[in-house]
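What follows is one structure encoded as structure tokens, with my remarks underneath.
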Amino acid sequence: MNIQTLIFLENEQYHLSIEERERIQSYVNKKENWLEDGFLNLEGIIAFSNDRNDSIQGMDTSDELAPLWQYYTEALDCYLKKDYATFYYPNTPIEVTFKKHSSHSLSLRIDQDEVVYETTEFIRAFQQAAASFVELINSISKGAYSDDLLVKVKALAK
């Protein structure tokens with residue numbers, strides 16, 4: 001199970017893993033409006049894959065990453081309480097649905113693609129990926145950007 005945040009580099013028309021911090025920092029240094037009036041203006045995708053290399057990420061359409069992480073977190077929280085949750089990407093008509101597949105697995109559907117994950121493993125990977133995203137944002141913003149994503153993510157499955 002792997003969940004990755006990929007930042008869209010507008011100038012290169014390329015998605016870059018948040019693991020490549022130096023390149024992201026260089027991109028952010030050149031992008032004038034990446035943090036504006038308290039809003040994070042970084043776009044990208046969140047990609048999900050399982051042990052069978054089934055992957056899912058929505059279309060190749062990038063969207064605002066900070067709200068996208070919030071939407072996924074809120075939907076996952078709702079799913080854990082009700083066995084079902086759905087939302088649309090912040091700025092793109094892509095529908096995301098979580099639903100119960102079995103007593104130990106969940107189904108994640110993004111647009112027309114659907115993959116099944118073991119629930120506990122998915123939550124653990126989700127928490128780690130969200131923490132990596134928050135760590136990157138804290139690093140590149142030097143603390144100038146903050147939200148409650150990490151608090152919400154840590155509260156999942158409690």
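Letters for chains follow the order of the structure tokens (A, B, ...), residue numbers begin at 1 for each chain, and ligand numbers begin at 1 in the order shown.
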
* Shell of 8 Å around segment 81-88 of chain A, only C-alpha atoms, local chain residues under 3 positions omitted, as a ChimeraX atom specification -> /A:71,75-78,92-100

Residues from the last selection, C-alpha atoms, saved as a PDB file, in the first residue's frame:
ATOM      1  CA  TYR A  71     -11.647  16.373   1.458  1.00  0.00           C
ATOM      2  CA  ALA A  75     -14.540  11.495   3.544  1.00  0.00           C
ATOM      3  CA  LEU A  76     -12.420   8.758   5.113  1.00  0.00           C
ATOM      4  CA  ASP A  77     -13.621   9.817   8.568  1.00  0.00           C
ATOM      5  CA  CYS A  78     -17.230   9.710   7.340  1.00  0.00           C
ATOM      6  CA  THR A  92     -12.653  19.442 -10.971  1.00  0.00           C
ATOM      7  CA  PRO A  93     -15.752  17.292 -11.549  1.00  0.00           C
ATOM      8  CA  ILE A  94     -14.061  14.115 -10.299  1.00  0.00           C
ATOM      9  CA  GLU A  95     -16.137  12.067  -7.871  1.00  0.00           C
ATOM     10  CA  VAL A  96     -14.464  10.069  -5.098  1.00  0.00           C
ATOM     11  CA  THR A  97     -16.288   7.344  -3.179  1.00  0.00           C
ATOM     12  CA  PHE A  98     -15.299   5.206  -0.223  1.00  0.00           C
ATOM     13  CA  LYS A  99     -17.495   2.194   0.470  1.00  0.00           C
ATOM     14  CA  LYS A 100     -17.272  -0.982   2.459  1.00  0.00           C
TER      15      LYS A 100
END

* From chain A, collect each residue whose DSSP state is strand (DSSP E or B) and return the set as an MDAnalysis selection string. => chainID A and resid 2:9 14:17 35:36 39:40 43:49 55:56 63:64 84:88 95:102 105:110 113:118

* Asked: Quick one: residues within 8 Å of Thr119 of chain A, only C-alpha atoms counted, chain neighbours fewer than 6 positions away excluded, as a ChimeraX atom specification?
  -> /A:104-106

* Please identify all polymer residues within 7 Å of Val153 of chain A, counting only C-alpha atoms, omitting same-chain residues fewer than 4 positions from it, and present them as a PyMOL selection string. => chain A and resi 73+127+149

Residues from the last selection, C-alpha atoms, saved as a CSV table (one decimal), in the first residue's frame:
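So out05.csv came out as:
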chain,number,residue,atom,x,y,z
A,73,THR,CA,-9.6,13.1,5.3
A,127,GLN,CA,-1.8,8.9,7.9
A,149,LEU,CA,-5.0,18.3,8.6

* For segment 18-29 of chain A, please output as a PyMOL selection string all residues within 12 Å (counting only C-alpha atoms; exclusion window: fewer than 3 positions along the same chain). => chain A and resi 3-12+14-15+32-35+40-47+65+129-142

Store the residues picked out above in a file with C-alpha atoms, as a PDB file, in the first residue's frame.
ATOM      1  CA  ILE A   3      -0.074   6.772  -1.124  1.00  0.00           C
ATOM      2  CA  GLN A   4       1.879   9.556  -2.792  1.00  0.00           C
ATOM      3  CA  THR A   5       1.369  13.265  -3.115  1.00  0.00           C
ATOM      4  CA  LEU A   6       2.613  14.605  -6.441  1.00  0.00           C
ATOM      5  CA  ILE A   7       3.032  18.340  -6.980  1.00  0.00           C
ATOM      6  CA  PHE A   8       2.333  19.686 -10.456  1.00  0.00           C
ATOM      7  CA  LEU A   9       5.183  21.786 -11.804  1.00  0.00           C
ATOM      8  CA  GLU A  10       3.436  24.219 -14.124  1.00  0.00           C
ATOM      9  CA  ASN A  11       6.570  25.337 -15.895  1.00  0.00           C
ATOM     10  CA  GLU A  12       7.509  21.737 -16.782  1.00  0.00           C
ATOM     11  CA  TYR A  14       5.144  17.461 -14.851  1.00  0.00           C
ATOM     12  CA  HIS A  15       4.024  15.823 -11.567  1.00  0.00           C
ATOM     13  CA  GLU A  32       5.295  33.970  -6.881  1.00  0.00           C
ATOM     14  CA  ASN A  33       1.840  33.054  -5.612  1.00  0.00           C
ATOM     15  CA  TRP A  34       2.351  29.631  -3.993  1.00  0.00           C
ATOM     16  CA  LEU A  35       1.231  31.032  -0.630  1.00  0.00           C
ATOM     17  CA  LEU A  40      -1.722  27.325  -0.281  1.00  0.00           C
ATOM     18  CA  ASN A  41      -1.635  27.521  -4.078  1.00  0.00           C
ATOM     19  CA  LEU A  42       0.079  24.253  -4.905  1.00  0.00           C
ATOM     20  CA  GLU A  43      -1.642  21.877  -7.259  1.00  0.00           C
ATOM     21  CA  GLY A  44      -1.124  18.195  -7.807  1.00  0.00           C
ATOM     22  CA  ILE A  45      -2.609  14.760  -7.331  1.00  0.00           C
ATOM     23  CA  ILE A  46      -2.795  12.132  -4.631  1.00  0.00           C
ATOM     24  CA  ALA A  47      -2.014   8.683  -6.052  1.00  0.00           C
ATOM     25  CA  LEU A  65      -3.582  19.871  -2.791  1.00  0.00           C
ATOM     26  CA  ALA A 129       1.237  10.231   3.466  1.00  0.00           C
ATOM     27  CA  ALA A 130      -0.687  13.100   5.058  1.00  0.00           C
ATOM     28  CA  ALA A 131       2.089  13.578   7.627  1.00  0.00           C
ATOM     29  CA  SER A 132       4.659  13.710   4.801  1.00  0.00           C
ATOM     30  CA  PHE A 133       2.582  16.341   2.987  1.00  0.00           C
ATOM     31  CA  VAL A 134       2.222  18.446   6.146  1.00  0.00           C
ATOM     32  CA  GLU A 135       5.954  18.120   6.866  1.00  0.00           C
ATOM     33  CA  LEU A 136       6.795  19.315   3.345  1.00  0.00           C
ATOM     34  CA  ILE A 137       4.443  22.298   3.589  1.00  0.00           C
ATOM     35  CA  ASN A 138       5.806  23.251   7.015  1.00  0.00           C
ATOM     36  CA  SER A 139       9.328  23.035   5.637  1.00  0.00           C
ATOM     37  CA  ILE A 140       8.807  25.083   2.486  1.00  0.00           C
ATOM     38  CA  SER A 141       6.579  27.670   4.171  1.00  0.00           C
ATOM     39  CA  LYS A 142       8.818  27.927   7.239  1.00  0.00           C
TER      40      LYS A 142
END

* Taking the DSSP assignment computed from this structure's backbone, write out as JSON, numbers by chain all residues of chain A that belong to helix (DSSP H, G or I). => {"A": [21, 22, 23, 24, 25, 26, 27, 28, 29, 30, 65, 66, 67, 68, 69, 70, 71, 72, 73, 74, 75, 76, 77, 78, 79, 80, 81, 82, 119, 120, 121, 122, 123, 124, 125, 126, 127, 128, 129, 130, 131, 132, 133, 134, 135, 136, 137, 138, 139, 140, 141, 149, 150, 151, 152, 153, 154]}

* To do: Excluding Ala157 of chain A and residues on its chain fewer than 6 positions from it, collect all residues at most 9 Å away from it, counting only C-alpha atoms, and give them as a VMD selection string.
  => chain A and resid 77 80 120 123

* To do: Select, from A:Ser107, A:Gln13, A:Asn91, A:Asn2, the residue with the minimum atom-to-atom distance to Ser55 of chain A, counting only C-alpha atoms.
  =>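 Looking only at the distances to Ser55 of chain A, the closest residue turns out to be A:Asn2.
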
* To do: Name the closest residue to Met1 of chain A among the candidates A:Thr61, A:Ser102, A:Gln112, A:Gln128; distances are taken between atoms, counting only C-alpha atoms.
  =>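 Of all the options, A:Gln128 lies closest to Met1 of chain A.
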
* Expressed in Å to a single decimal, how great is the separation between atom CA of Tyr117 of chain A and atom CA of Asp51 of chain A? -> 9.1 Å

* To do: Would you work out the distance separating atom CA of Ser49 of chain A from atom CA of Asp147 of chain A, expressed in Å to one decimal?
  => 26.3 Å

* What is the distance, in Å and to one decimal place, between atom CA of Glu114 of chain A and atom CA of Tyr72 of chain A? ->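 A separation of 15.2 Å between them.
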